[in-house]
file protein_15.pdb (PDB, N, CA, C and O atoms)
MODEL        1
ATOM      1  N   MET A  14      97.681 114.243 129.849
ATOM      2  CA  MET A  14      98.314 114.874 130.985
ATOM      3  C   MET A  14      99.724 114.314 131.116
ATOM      4  O   MET A  14      99.897 113.111 131.286
ATOM      5  N   LEU A  15     100.699 115.173 130.964
ATOM      6  CA  LEU A  15     102.084 114.746 131.078
ATOM      7  C   LEU A  15     102.450 114.639 132.550
ATOM      8  O   LEU A  15     102.311 115.588 133.304
ATOM      9  N   GLY A  16     102.851 113.453 132.934
ATOM     10  CA  GLY A  16     103.240 113.212 134.315
ATOM     11  C   GLY A  16     104.657 112.687 134.370
ATOM     12  O   GLY A  16     105.542 113.171 133.663
ATOM     13  N   ARG A  17     104.855 111.674 135.180
ATOM     14  CA  ARG A  17     106.197 111.123 135.356
ATOM     15  C   ARG A  17     106.655 110.256 134.199
ATOM     16  O   ARG A  17     107.834 110.094 133.966
ATOM     17  N   SER A  18     105.703 109.648 133.485
ATOM     18  CA  SER A  18     106.075 108.668 132.482
ATOM     19  C   SER A  18     105.634 109.068 131.080
ATOM     20  O   SER A  18     104.440 109.178 130.798
ATOM     21  N   ILE A  19     106.605 109.265 130.216
ATOM     22  CA  ILE A  19     106.307 109.495 128.804
ATOM     23  C   ILE A  19     105.672 108.246 128.213
ATOM     24  O   ILE A  19     104.759 108.317 127.393
ATOM     25  N   TRP A  20     106.139 107.074 128.652
ATOM     26  CA  TRP A  20     105.648 105.813 128.094
ATOM     27  C   TRP A  20     104.164 105.607 128.348
ATOM     28  O   TRP A  20     103.478 104.992 127.522
ATOM     29  N   ALA A  21     103.646 106.106 129.439
ATOM     30  CA  ALA A  21     102.213 105.967 129.710
ATOM     31  C   ALA A  21     101.398 106.665 128.625
ATOM     32  O   ALA A  21     100.397 106.133 128.139
ATOM     33  N   ILE A  22     101.833 107.846 128.227
ATOM     34  CA  ILE A  22     101.146 108.579 127.154
ATOM     35  C   ILE A  22     101.320 107.849 125.825
ATOM     36  O   ILE A  22     100.352 107.652 125.078
ATOM     37  N   MET A  23     102.538 107.432 125.531
ATOM     38  CA  MET A  23     102.807 106.790 124.246
ATOM     39  C   MET A  23     102.050 105.476 124.098
ATOM     40  O   MET A  23     101.473 105.201 123.043
ATOM     41  N   ASN A  24     102.037 104.666 125.137
ATOM     42  CA  ASN A  24     101.326 103.388 125.079
ATOM     43  C   ASN A  24      99.828 103.596 124.916
ATOM     44  O   ASN A  24      99.170 102.892 124.140
ATOM     45  N   SER A  25      99.265 104.557 125.631
ATOM     46  CA  SER A  25      97.838 104.848 125.514
ATOM     47  C   SER A  25      97.500 105.349 124.113
ATOM     48  O   SER A  25      96.498 104.946 123.519
ATOM     49  N   TYR A  26      98.322 106.225 123.590
ATOM     50  CA  TYR A  26      98.077 106.774 122.262
ATOM     51  C   TYR A  26      98.158 105.681 121.203
ATOM     52  O   TYR A  26      97.295 105.578 120.322
ATOM     53  N   TYR A  27      99.166 104.838 121.293
ATOM     54  CA  TYR A  27      99.308 103.743 120.330
ATOM     55  C   TYR A  27      98.088 102.821 120.376
ATOM     56  O   TYR A  27      97.569 102.409 119.331
ATOM     57  N   ALA A  28      97.623 102.515 121.572
ATOM     58  CA  ALA A  28      96.451 101.637 121.709
ATOM     59  C   ALA A  28      95.215 102.256 121.072
ATOM     60  O   ALA A  28      94.428 101.562 120.408
ATOM     61  N   VAL A  29      95.031 103.562 121.257
ATOM     62  CA  VAL A  29      93.880 104.244 120.654
ATOM     63  C   VAL A  29      93.961 104.175 119.130
ATOM     64  O   VAL A  29      92.967 103.912 118.448
ATOM     65  N   LEU A  30      95.147 104.392 118.581
ATOM     66  CA  LEU A  30      95.312 104.348 117.134
ATOM     67  C   LEU A  30      95.114 102.934 116.582
ATOM     68  O   LEU A  30      94.391 102.737 115.601
ATOM     69  N   LYS A  31      95.744 101.974 117.218
ATOM     70  CA  LYS A  31      95.730 100.597 116.695
ATOM     71  C   LYS A  31      94.427  99.867 116.986
ATOM     72  O   LYS A  31      93.848  99.261 116.088
ATOM     73  N   GLU A  32      93.968  99.922 118.216
ATOM     74  CA  GLU A  32      92.809  99.123 118.614
ATOM     75  C   GLU A  32      91.470  99.787 118.299
ATOM     76  O   GLU A  32      90.506  99.122 117.969
ATOM     77  N   LYS A  33      91.414 101.093 118.436
ATOM     78  CA  LYS A  33      90.143 101.813 118.250
ATOM     79  C   LYS A  33      90.044 102.511 116.897
ATOM     80  O   LYS A  33      88.988 103.016 116.545
ATOM     81  N   GLN A  34      91.164 102.558 116.156
ATOM     82  CA  GLN A  34      91.214 103.253 114.883
ATOM     83  C   GLN A  34      90.657 104.682 114.988
ATOM     84  O   GLN A  34      89.933 105.159 114.125
ATOM     85  N   TYR A  35      91.017 105.353 116.083
ATOM     86  CA  TYR A  35      90.639 106.754 116.266
ATOM     87  C   TYR A  35      91.847 107.597 115.890
ATOM     88  O   TYR A  35      92.924 107.450 116.467
ATOM     89  N   TYR A  36      91.682 108.469 114.909
ATOM     90  CA  TYR A  36      92.773 109.279 114.400
ATOM     91  C   TYR A  36      92.460 110.756 114.631
ATOM     92  O   TYR A  36      91.685 111.350 113.885
ATOM     93  N   PRO A  37      93.057 111.349 115.653
ATOM     94  CA  PRO A  37      92.720 112.729 116.020
ATOM     95  C   PRO A  37      93.281 113.773 115.050
ATOM     96  O   PRO A  37      94.287 113.543 114.378
ATOM     97  N   ASP A  38      92.597 114.905 114.979
ATOM     98  CA  ASP A  38      93.097 116.050 114.226
ATOM     99  C   ASP A  38      94.021 116.899 115.091
ATOM    100  O   ASP A  38      94.913 117.557 114.584
ATOM    101  N   ASP A  39      93.761 116.896 116.392
ATOM    102  CA  ASP A  39      94.541 117.675 117.358
ATOM    103  C   ASP A  39      94.852 116.817 118.572
ATOM    104  O   ASP A  39      94.034 116.000 118.988
ATOM    105  N   ILE A  40      96.035 117.028 119.130
ATOM    106  CA  ILE A  40      96.422 116.429 120.407
ATOM    107  C   ILE A  40      96.834 117.580 121.309
ATOM    108  O   ILE A  40      97.660 118.413 120.911
ATOM    109  N   ILE A  41      96.274 117.631 122.493
ATOM    110  CA  ILE A  41      96.643 118.672 123.455
ATOM    111  C   ILE A  41      97.226 117.991 124.685
ATOM    112  O   ILE A  41      96.563 117.176 125.321
ATOM    113  N   LEU A  42      98.464 118.304 124.981
ATOM    114  CA  LEU A  42      99.124 117.802 126.184
ATOM    115  C   LEU A  42      98.976 118.844 127.285
ATOM    116  O   LEU A  42      99.264 120.025 127.067
ATOM    117  N   PHE A  43      98.542 118.422 128.439
ATOM    118  CA  PHE A  43      98.473 119.295 129.597
ATOM    119  C   PHE A  43      99.657 118.968 130.489
ATOM    120  O   PHE A  43      99.929 117.806 130.775
ATOM    121  N   ALA A  44     100.366 120.012 130.907
ATOM    122  CA  ALA A  44     101.545 119.822 131.751
ATOM    123  C   ALA A  44     101.621 120.953 132.763
ATOM    124  O   ALA A  44     101.261 122.091 132.459
ATOM    125  N   GLU A  45     102.087 120.606 133.944
ATOM    126  CA  GLU A  45     102.267 121.636 134.964
ATOM    127  C   GLU A  45     103.319 122.651 134.518
ATOM    128  O   GLU A  45     104.258 122.313 133.798
ATOM    129  N   THR A  46     103.144 123.878 134.944
ATOM    130  CA  THR A  46     104.128 124.914 134.696
ATOM    131  C   THR A  46     105.277 124.711 135.679
ATOM    132  O   THR A  46     105.142 124.987 136.859
ATOM    133  N   ILE A  47     106.369 124.175 135.180
ATOM    134  CA  ILE A  47     107.534 123.888 136.021
ATOM    135  C   ILE A  47     108.780 124.394 135.295
ATOM    136  O   ILE A  47     108.962 124.110 134.117
ATOM    137  N   SER A  48     109.590 125.130 135.994
ATOM    138  CA  SER A  48     110.849 125.614 135.408
ATOM    139  C   SER A  48     111.941 124.600 135.703
ATOM    140  O   SER A  48     112.796 124.805 136.550
ATOM    141  N   ASP A  49     111.888 123.499 134.983
ATOM    142  CA  ASP A  49     112.853 122.426 135.184
ATOM    143  C   ASP A  49     113.280 121.920 133.802
ATOM    144  O   ASP A  49     112.427 121.554 132.987
ATOM    145  N   PRO A  50     114.562 121.910 133.517
ATOM    146  CA  PRO A  50     115.028 121.464 132.197
ATOM    147  C   PRO A  50     114.566 120.043 131.838
ATOM    148  O   PRO A  50     114.243 119.776 130.688
ATOM    149  N   GLU A  51     114.524 119.141 132.810
ATOM    150  CA  GLU A  51     114.096 117.768 132.527
ATOM    151  C   GLU A  51     112.625 117.726 132.133
ATOM    152  O   GLU A  51     112.231 116.994 131.231
ATOM    153  N   HIS A  52     111.810 118.528 132.801
ATOM    154  CA  HIS A  52     110.388 118.581 132.474
ATOM    155  C   HIS A  52     110.195 119.109 131.048
ATOM    156  O   HIS A  52     109.402 118.563 130.272
ATOM    157  N   THR A  53     110.933 120.150 130.697
ATOM    158  CA  THR A  53     110.857 120.712 129.347
ATOM    159  C   THR A  53     111.304 119.680 128.319
ATOM    160  O   THR A  53     110.682 119.513 127.270
ATOM    161  N   ARG A  54     112.362 118.971 128.630
ATOM    162  CA  ARG A  54     112.880 117.919 127.743
ATOM    163  C   ARG A  54     111.842 116.828 127.551
ATOM    164  O   ARG A  54     111.600 116.360 126.439
ATOM    165  N   ASN A  55     111.198 116.400 128.642
ATOM    166  CA  ASN A  55     110.177 115.354 128.552
ATOM    167  C   ASN A  55     108.983 115.795 127.714
ATOM    168  O   ASN A  55     108.420 115.005 126.961
ATOM    169  N   LEU A  56     108.610 117.054 127.839
ATOM    170  CA  LEU A  56     107.514 117.584 127.039
ATOM    171  C   LEU A  56     107.867 117.523 125.553
ATOM    172  O   LEU A  56     107.071 117.058 124.731
ATOM    173  N   GLU A  57     109.066 117.948 125.200
ATOM    174  CA  GLU A  57     109.488 117.929 123.793
ATOM    175  C   GLU A  57     109.628 116.500 123.275
ATOM    176  O   GLU A  57     109.244 116.209 122.135
ATOM    177  N   LEU A  58     110.168 115.603 124.094
ATOM    178  CA  LEU A  58     110.281 114.197 123.688
ATOM    179  C   LEU A  58     108.905 113.566 123.468
ATOM    180  O   LEU A  58     108.714 112.790 122.528
ATOM    181  N   THR A  59     107.962 113.912 124.317
ATOM    182  CA  THR A  59     106.608 113.380 124.181
ATOM    183  C   THR A  59     105.975 113.875 122.885
ATOM    184  O   THR A  59     105.367 113.095 122.137
ATOM    185  N   LYS A  60     106.128 115.148 122.594
ATOM    186  CA  LYS A  60     105.576 115.698 121.355
ATOM    187  C   LYS A  60     106.203 115.023 120.128
ATOM    188  O   LYS A  60     105.505 114.670 119.176
ATOM    189  N   LYS A  61     107.510 114.805 120.170
ATOM    190  CA  LYS A  61     108.186 114.125 119.064
ATOM    191  C   LYS A  61     107.715 112.678 118.935
ATOM    192  O   LYS A  61     107.512 112.182 117.821
ATOM    193  N   GLY A  62     107.548 112.010 120.066
ATOM    194  CA  GLY A  62     107.078 110.623 120.048
ATOM    195  C   GLY A  62     105.660 110.508 119.493
ATOM    196  O   GLY A  62     105.359 109.589 118.724
ATOM    197  N   LEU A  63     104.794 111.446 119.868
ATOM    198  CA  LEU A  63     103.426 111.443 119.341
ATOM    199  C   LEU A  63     103.429 111.683 117.833
ATOM    200  O   LEU A  63     102.678 111.033 117.090
ATOM    201  N   ALA A  64     104.283 112.594 117.380
ATOM    202  CA  ALA A  64     104.380 112.871 115.946
ATOM    203  C   ALA A  64     104.901 111.651 115.185
ATOM    204  O   ALA A  64     104.370 111.299 114.119
ATOM    205  N   LEU A  65     105.907 110.990 115.717
ATOM    206  CA  LEU A  65     106.472 109.807 115.071
ATOM    207  C   LEU A  65     105.453 108.672 115.017
ATOM    208  O   LEU A  65     105.283 108.019 113.981
ATOM    209  N   THR A  66     104.769 108.430 116.114
ATOM    210  CA  THR A  66     103.755 107.381 116.154
ATOM    211  C   THR A  66     102.624 107.700 115.177
ATOM    212  O   THR A  66     102.137 106.816 114.462
ATOM    213  N   SER A  67     102.219 108.954 115.135
ATOM    214  CA  SER A  67     101.170 109.376 114.204
ATOM    215  C   SER A  67     101.584 109.111 112.761
ATOM    216  O   SER A  67     100.791 108.581 111.964
ATOM    217  N   SER A  68     102.825 109.448 112.426
ATOM    218  CA  SER A  68     103.288 109.262 111.052
ATOM    219  C   SER A  68     103.284 107.784 110.665
ATOM    220  O   SER A  68     103.041 107.447 109.505
ATOM    221  N   HIS A  69     103.536 106.914 111.630
ATOM    222  CA  HIS A  69     103.493 105.470 111.378
ATOM    223  C   HIS A  69     102.093 105.049 110.915
ATOM    224  O   HIS A  69     101.955 104.108 110.125
ATOM    225  N   PHE A  70     101.068 105.749 111.400
ATOM    226  CA  PHE A  70      99.692 105.441 111.024
ATOM    227  C   PHE A  70      99.191 106.316 109.871
ATOM    228  O   PHE A  70      98.018 106.295 109.524
ATOM    229  N   GLY A  71     100.086 107.115 109.291
ATOM    230  CA  GLY A  71      99.737 107.923 108.134
ATOM    231  C   GLY A  71      98.921 109.161 108.443
ATOM    232  O   GLY A  71      98.210 109.670 107.581
ATOM    233  N   ILE A  72      99.035 109.666 109.671
ATOM    234  CA  ILE A  72      98.303 110.870 110.058
ATOM    235  C   ILE A  72      99.289 111.912 110.579
ATOM    236  O   ILE A  72     100.422 111.587 110.933
ATOM    237  N   SER A  73      98.849 113.152 110.615
ATOM    238  CA  SER A  73      99.712 114.214 111.143
ATOM    239  C   SER A  73      98.860 115.232 111.912
ATOM    240  O   SER A  73      98.620 116.342 111.434
ATOM    241  N   PRO A  74      98.403 114.832 113.105
ATOM    242  CA  PRO A  74      97.602 115.771 113.903
ATOM    243  C   PRO A  74      98.447 116.938 114.403
ATOM    244  O   PRO A  74      99.670 116.828 114.525
ATOM    245  N   ARG A  75      97.770 118.051 114.658
ATOM    246  CA  ARG A  75      98.443 119.188 115.287
ATOM    247  C   ARG A  75      98.669 118.827 116.756
ATOM    248  O   ARG A  75      97.746 118.365 117.425
ATOM    249  N   ILE A  76      99.874 119.036 117.243
ATOM    250  CA  ILE A  76     100.215 118.692 118.625
ATOM    251  C   ILE A  76     100.518 119.976 119.380
ATOM    252  O   ILE A  76     101.443 120.710 119.027
ATOM    253  N   HIS A  77      99.717 120.257 120.382
ATOM    254  CA  HIS A  77      99.843 121.465 121.188
ATOM    255  C   HIS A  77     100.127 121.063 122.631
ATOM    256  O   HIS A  77      99.891 119.932 123.024
ATOM    257  N   HIS A  78     100.571 122.020 123.415
ATOM    258  CA  HIS A  78     100.639 121.767 124.850
ATOM    259  C   HIS A  78     100.077 122.978 125.584
ATOM    260  O   HIS A  78     100.142 124.106 125.097
ATOM    261  N   GLN A  79      99.503 122.685 126.707
ATOM    262  CA  GLN A  79      98.900 123.726 127.562
ATOM    263  C   GLN A  79      99.506 123.599 128.946
ATOM    264  O   GLN A  79      99.476 122.527 129.534
ATOM    265  N   SER A  80     100.094 124.669 129.418
ATOM    266  CA  SER A  80     100.651 124.683 130.778
ATOM    267  C   SER A  80      99.543 124.999 131.777
ATOM    268  O   SER A  80      98.695 125.861 131.526
ATOM    269  N   ILE A  81      99.544 124.265 132.859
ATOM    270  CA  ILE A  81      98.558 124.497 133.917
ATOM    271  C   ILE A  81      99.298 124.721 135.231
ATOM    272  O   ILE A  81     100.378 124.190 135.438
ATOM    273  N   LYS A  82      98.711 125.526 136.092
ATOM    274  CA  LYS A  82      99.309 125.807 137.390
ATOM    275  C   LYS A  82      98.769 124.838 138.423
ATOM    276  O   LYS A  82      97.600 124.481 138.411
ATOM    277  N   ARG A  83      99.651 124.433 139.304
ATOM    278  CA  ARG A  83      99.249 123.585 140.426
ATOM    279  C   ARG A  83      98.443 124.443 141.398
ATOM    280  O   ARG A  83      98.815 125.562 141.709
ATOM    281  N   ILE A  84      97.340 123.914 141.869
ATOM    282  CA  ILE A  84      96.486 124.654 142.812
ATOM    283  C   ILE A  84      96.961 124.423 144.231
ATOM    284  O   ILE A  84      97.320 123.404 144.655
TER     285      ILE A  84
ENDMDL
END

call {"tool": "encode", "arguments": {"input": "protein_15.pdb", "output": "structure tokens"}}
result
Amino acid sequence: MLGRSIWAIMNSYYAVLKEKQYYPDDIILFAETISDPEHTRNLELTKKGLALTSSHFGISPRIHHQSIKRI
């Protein structure tokens, strides 16, 4: 779930790869549907960061995102 901090996602993902040796085939990011350039930028930066971290571990999972509406 993409929220305020990209680092929260990156740190959690790194820990799963390093400590648990879990290597996913797919990563799905859930993010609110927001028409904000910064939010879009953060989503793209997060996807790039996940791809870079994955490559460090020799994997290349498919990275998708799903927009969700606030209730």

call {"tool": "axis_aligned_box", "arguments": {"input": "protein_15.pdb", "around": "range 72-75 of chain A", "padding_each_side": "4 Å", "output": "AutoDock Vina command-line options"}}
result
--center_x 99.0 --center_y 114.4 --center_z 113.5 --size_x 10.8 --size_y 17.5 --size_z 15.8

call {"tool": "resolve_selection", "arguments": {"input": "protein_15.pdb", "expression": "the PyMOL selection byres ((chain A and resi 23-30) around 8)", "output": "PyMOL selection string"}}
result
chain A and resi 18-22+31-37+59+62-63+66-67+70

call {"tool": "select_by_dssp", "arguments": {"input": "protein_15.pdb", "residues": "chain A", "states": "strand (DSSP E)", "output": "PDB file with N, CA, C and O atoms, keeping the file's coordinate frame"}}
result
ATOM      1  N   ASP A  39      93.761 116.896 116.392  1.00  0.00           N
ATOM      2  CA  ASP A  39      94.541 117.675 117.358  1.00  0.00           C
ATOM      3  C   ASP A  39      94.852 116.817 118.572  1.00  0.00           C
ATOM      4  O   ASP A  39      94.034 116.000 118.988  1.00  0.00           O
ATOM      5  N   ILE A  40      96.035 117.028 119.130  1.00  0.00           N
ATOM      6  CA  ILE A  40      96.422 116.429 120.407  1.00  0.00           C
ATOM      7  C   ILE A  40      96.834 117.580 121.309  1.00  0.00           C
ATOM      8  O   ILE A  40      97.660 118.413 120.911  1.00  0.00           O
ATOM      9  N   ILE A  41      96.274 117.631 122.493  1.00  0.00           N
ATOM     10  CA  ILE A  41      96.643 118.672 123.455  1.00  0.00           C
ATOM     11  C   ILE A  41      97.226 117.991 124.685  1.00  0.00           C
ATOM     12  O   ILE A  41      96.563 117.176 125.321  1.00  0.00           O
ATOM     13  N   LEU A  42      98.464 118.304 124.981  1.00  0.00           N
ATOM     14  CA  LEU A  42      99.124 117.802 126.184  1.00  0.00           C
ATOM     15  C   LEU A  42      98.976 118.844 127.285  1.00  0.00           C
ATOM     16  O   LEU A  42      99.264 120.025 127.067  1.00  0.00           O
ATOM     17  N   PHE A  43      98.542 118.422 128.439  1.00  0.00           N
ATOM     18  CA  PHE A  43      98.473 119.295 129.597  1.00  0.00           C
ATOM     19  C   PHE A  43      99.657 118.968 130.489  1.00  0.00           C
ATOM     20  O   PHE A  43      99.929 117.806 130.775  1.00  0.00           O
ATOM     21  N   ALA A  44     100.366 120.012 130.907  1.00  0.00           N
ATOM     22  CA  ALA A  44     101.545 119.822 131.751  1.00  0.00           C
ATOM     23  C   ALA A  44     101.621 120.953 132.763  1.00  0.00           C
ATOM     24  O   ALA A  44     101.261 122.091 132.459  1.00  0.00           O
ATOM     25  N   GLU A  45     102.087 120.606 133.944  1.00  0.00           N
ATOM     26  CA  GLU A  45     102.267 121.636 134.964  1.00  0.00           C
ATOM     27  C   GLU A  45     103.319 122.651 134.518  1.00  0.00           C
ATOM     28  O   GLU A  45     104.258 122.313 133.798  1.00  0.00           O
ATOM     29  N   ARG A  75      97.770 118.051 114.658  1.00  0.00           N
ATOM     30  CA  ARG A  75      98.443 119.188 115.287  1.00  0.00           C
ATOM     31  C   ARG A  75      98.669 118.827 116.756  1.00  0.00           C
ATOM     32  O   ARG A  75      97.746 118.365 117.425  1.00  0.00           O
ATOM     33  N   ILE A  76      99.874 119.036 117.243  1.00  0.00           N
ATOM     34  CA  ILE A  76     100.215 118.692 118.625  1.00  0.00           C
ATOM     35  C   ILE A  76     100.518 119.976 119.380  1.00  0.00           C
ATOM     36  O   ILE A  76     101.443 120.710 119.027  1.00  0.00           O
ATOM     37  N   HIS A  77      99.717 120.257 120.382  1.00  0.00           N
ATOM     38  CA  HIS A  77      99.843 121.465 121.188  1.00  0.00           C
ATOM     39  C   HIS A  77     100.127 121.063 122.631  1.00  0.00           C
ATOM     40  O   HIS A  77      99.891 119.932 123.024  1.00  0.00           O
ATOM     41  N   HIS A  78     100.571 122.020 123.415  1.00  0.00           N
ATOM     42  CA  HIS A  78     100.639 121.767 124.850  1.00  0.00           C
ATOM     43  C   HIS A  78     100.077 122.978 125.584  1.00  0.00           C
ATOM     44  O   HIS A  78     100.142 124.106 125.097  1.00  0.00           O
ATOM     45  N   GLN A  79      99.503 122.685 126.707  1.00  0.00           N
ATOM     46  CA  GLN A  79      98.900 123.726 127.562  1.00  0.00           C
ATOM     47  C   GLN A  79      99.506 123.599 128.946  1.00  0.00           C
ATOM     48  O   GLN A  79      99.476 122.527 129.534  1.00  0.00           O
ATOM     49  N   SER A  80     100.094 124.669 129.418  1.00  0.00           N
ATOM     50  CA  SER A  80     100.651 124.683 130.778  1.00  0.00           C
ATOM     51  C   SER A  80      99.543 124.999 131.777  1.00  0.00           C
ATOM     52  O   SER A  80      98.695 125.861 131.526  1.00  0.00           O
ATOM     53  N   ILE A  81      99.544 124.265 132.859  1.00  0.00           N
ATOM     54  CA  ILE A  81      98.558 124.497 133.917  1.00  0.00           C
ATOM     55  C   ILE A  81      99.298 124.721 135.231  1.00  0.00           C
ATOM     56  O   ILE A  81     100.378 124.190 135.438  1.00  0.00           O
TER      57      ILE A  81
END

call {"tool": "residues_around", "arguments": {"input": "protein_15.pdb", "residues": "range 42-53 of chain A", "least_positions_apart": "6", "cutoff": "7 Å", "atoms": "only N, CA, C and O atoms", "output": "PyMOL selection string"}}
result
chain A and resi 14-16+59+76-83

call {"tool": "resolve_selection", "arguments": {"input": "protein_15.pdb", "expression": "the PyMOL selection byres ((chain A and resi 74) around 6)", "output": "compact mmCIF listing (two decimals) with N, CA, C and O atoms, in the frame of the given file"}}
result
# COMPACT_ATOMS: atom_id res chain seq x y z
N PRO A 37 93.06 111.35 115.65
CA PRO A 37 92.72 112.73 116.02
C PRO A 37 93.28 113.77 115.05
O PRO A 37 94.29 113.54 114.38
N ASP A 38 92.60 114.90 114.98
CA ASP A 38 93.10 116.05 114.23
C ASP A 38 94.02 116.90 115.09
O ASP A 38 94.91 117.56 114.58
N ASP A 39 93.76 116.90 116.39
CA ASP A 39 94.54 117.68 117.36
C ASP A 39 94.85 116.82 118.57
O ASP A 39 94.03 116.00 118.99
N ILE A 40 96.04 117.03 119.13
CA ILE A 40 96.42 116.43 120.41
C ILE A 40 96.83 117.58 121.31
O ILE A 40 97.66 118.41 120.91
N ILE A 72 99.04 109.67 109.67
CA ILE A 72 98.30 110.87 110.06
C ILE A 72 99.29 111.91 110.58
O ILE A 72 100.42 111.59 110.93
N SER A 73 98.85 113.15 110.62
CA SER A 73 99.71 114.21 111.14
C SER A 73 98.86 115.23 111.91
O SER A 73 98.62 116.34 111.43
N ARG A 75 97.77 118.05 114.66
CA ARG A 75 98.44 119.19 115.29
C ARG A 75 98.67 118.83 116.76
O ARG A 75 97.75 118.36 117.42
N ILE A 76 99.87 119.04 117.24
CA ILE A 76 100.22 118.69 118.62
C ILE A 76 100.52 119.98 119.38
O ILE A 76 101.44 120.71 119.03

call {"tool": "atom_distance", "arguments": {"input": "protein_15.pdb", "atom1": "atom C of Asn55 in chain A", "atom2": "atom C of His69 in chain A"}}
result
21.1 Å

call {"tool": "atom_distance", "arguments": {"input": "protein_15.pdb", "atom1": "atom C of Leu56 in chain A", "atom2": "atom C of Ile41 in chain A"}}
result
10.7 Å

call {"tool": "atom_distance", "arguments": {"input": "protein_15.pdb", "atom1": "CA of Glu57 in chain A", "atom2": "atom N of Gly71 in chain A"}}
result
20.4 Å

call {"tool": "select_by_dssp", "arguments": {"input": "protein_15.pdb", "residues": "chain A", "states": "helix (DSSP H, G or I)", "output": "VMD selection string"}}
result
chain A and resid 19 to 33 50 to 69

call {"tool": "decode", "arguments": {"input": "protein_15.pdb", "residues": "range 21-75 of chain A", "atoms": "C-alpha atoms", "output": "PDB file, in the first residue's frame"}}
result
ATOM      1  CA  ALA A  21       8.492   2.219   4.373  1.00  0.00           C
ATOM      2  CA  ILE A  22       7.782   0.056   1.323  1.00  0.00           C
ATOM      3  CA  MET A  23      11.437  -0.187   0.322  1.00  0.00           C
ATOM      4  CA  ASN A  24      12.656  -1.129   3.798  1.00  0.00           C
ATOM      5  CA  SER A  25       9.943  -3.770   4.195  1.00  0.00           C
ATOM      6  CA  TYR A  26      10.664  -5.236   0.779  1.00  0.00           C
ATOM      7  CA  TYR A  27      14.409  -5.368   1.409  1.00  0.00           C
ATOM      8  CA  ALA A  28      13.839  -7.120   4.742  1.00  0.00           C
ATOM      9  CA  VAL A  29      11.612  -9.743   3.104  1.00  0.00           C
ATOM     10  CA  LEU A  30      14.239 -10.427   0.442  1.00  0.00           C
ATOM     11  CA  LYS A  31      17.247 -10.470   2.763  1.00  0.00           C
ATOM     12  CA  GLU A  32      15.896 -11.958   5.980  1.00  0.00           C
ATOM     13  CA  LYS A  33      13.159 -14.285   4.725  1.00  0.00           C
ATOM     14  CA  GLN A  34      14.628 -15.133   1.308  1.00  0.00           C
ATOM     15  CA  TYR A  35      11.162 -14.726  -0.216  1.00  0.00           C
ATOM     16  CA  TYR A  36      11.433 -13.827  -3.894  1.00  0.00           C
ATOM     17  CA  PRO A  37       8.078 -12.854  -5.420  1.00  0.00           C
ATOM     18  CA  ASP A  38       7.029 -13.361  -9.029  1.00  0.00           C
ATOM     19  CA  ASP A  39       4.646 -10.392  -8.843  1.00  0.00           C
ATOM     20  CA  ILE A  40       4.462  -7.221  -6.771  1.00  0.00           C
ATOM     21  CA  ILE A  41       1.197  -5.299  -6.665  1.00  0.00           C
ATOM     22  CA  LEU A  42       1.196  -1.779  -5.261  1.00  0.00           C
ATOM     23  CA  PHE A  43      -2.136  -0.426  -4.093  1.00  0.00           C
ATOM     24  CA  ALA A  44      -2.506   3.341  -4.251  1.00  0.00           C
ATOM     25  CA  GLU A  45      -5.368   5.754  -3.906  1.00  0.00           C
ATOM     26  CA  THR A  46      -6.681   7.315  -7.088  1.00  0.00           C
ATOM     27  CA  ILE A  47      -5.351  10.852  -6.725  1.00  0.00           C
ATOM     28  CA  SER A  48      -4.788  13.385  -9.483  1.00  0.00           C
ATOM     29  CA  ASP A  49      -1.634  14.817  -7.989  1.00  0.00           C
ATOM     30  CA  PRO A  50       1.714  15.000  -9.814  1.00  0.00           C
ATOM     31  CA  GLU A  51       3.664  14.237  -6.611  1.00  0.00           C
ATOM     32  CA  HIS A  52       1.595  11.121  -5.959  1.00  0.00           C
ATOM     33  CA  THR A  53       2.195   9.923  -9.529  1.00  0.00           C
ATOM     34  CA  ARG A  54       5.911  10.645  -9.148  1.00  0.00           C
ATOM     35  CA  ASN A  55       6.061   8.696  -5.874  1.00  0.00           C
ATOM     36  CA  LEU A  56       4.327   5.735  -7.479  1.00  0.00           C
ATOM     37  CA  GLU A  57       6.851   5.664 -10.339  1.00  0.00           C
ATOM     38  CA  LEU A  58       9.802   6.117  -7.962  1.00  0.00           C
ATOM     39  CA  THR A  59       8.539   3.256  -5.813  1.00  0.00           C
ATOM     40  CA  LYS A  60       8.208   0.964  -8.823  1.00  0.00           C
ATOM     41  CA  LYS A  61      11.740   1.862  -9.940  1.00  0.00           C
ATOM     42  CA  GLY A  62      13.093   1.311  -6.429  1.00  0.00           C
ATOM     43  CA  LEU A  63      11.433  -2.109  -6.190  1.00  0.00           C
ATOM     44  CA  ALA A  64      12.878  -3.072  -9.575  1.00  0.00           C
ATOM     45  CA  LEU A  65      16.373  -1.913  -8.588  1.00  0.00           C
ATOM     46  CA  THR A  66      16.259  -3.719  -5.248  1.00  0.00           C
ATOM     47  CA  SER A  67      14.979  -6.860  -6.968  1.00  0.00           C
ATOM     48  CA  SER A  68      17.820  -6.779  -9.488  1.00  0.00           C
ATOM     49  CA  HIS A  69      20.312  -6.590  -6.609  1.00  0.00           C
ATOM     50  CA  PHE A  70      18.961  -9.983  -5.492  1.00  0.00           C
ATOM     51  CA  GLY A  71      19.003 -11.395  -9.030  1.00  0.00           C
ATOM     52  CA  ILE A  72      15.237 -11.442  -9.534  1.00  0.00           C
ATOM     53  CA  SER A  73      12.882  -9.530 -11.803  1.00  0.00           C
ATOM     54  CA  PRO A  74       9.289  -9.755 -10.567  1.00  0.00           C
ATOM     55  CA  ARG A  75       6.470  -8.158 -12.516  1.00  0.00           C
TER      56      ARG A  75
END
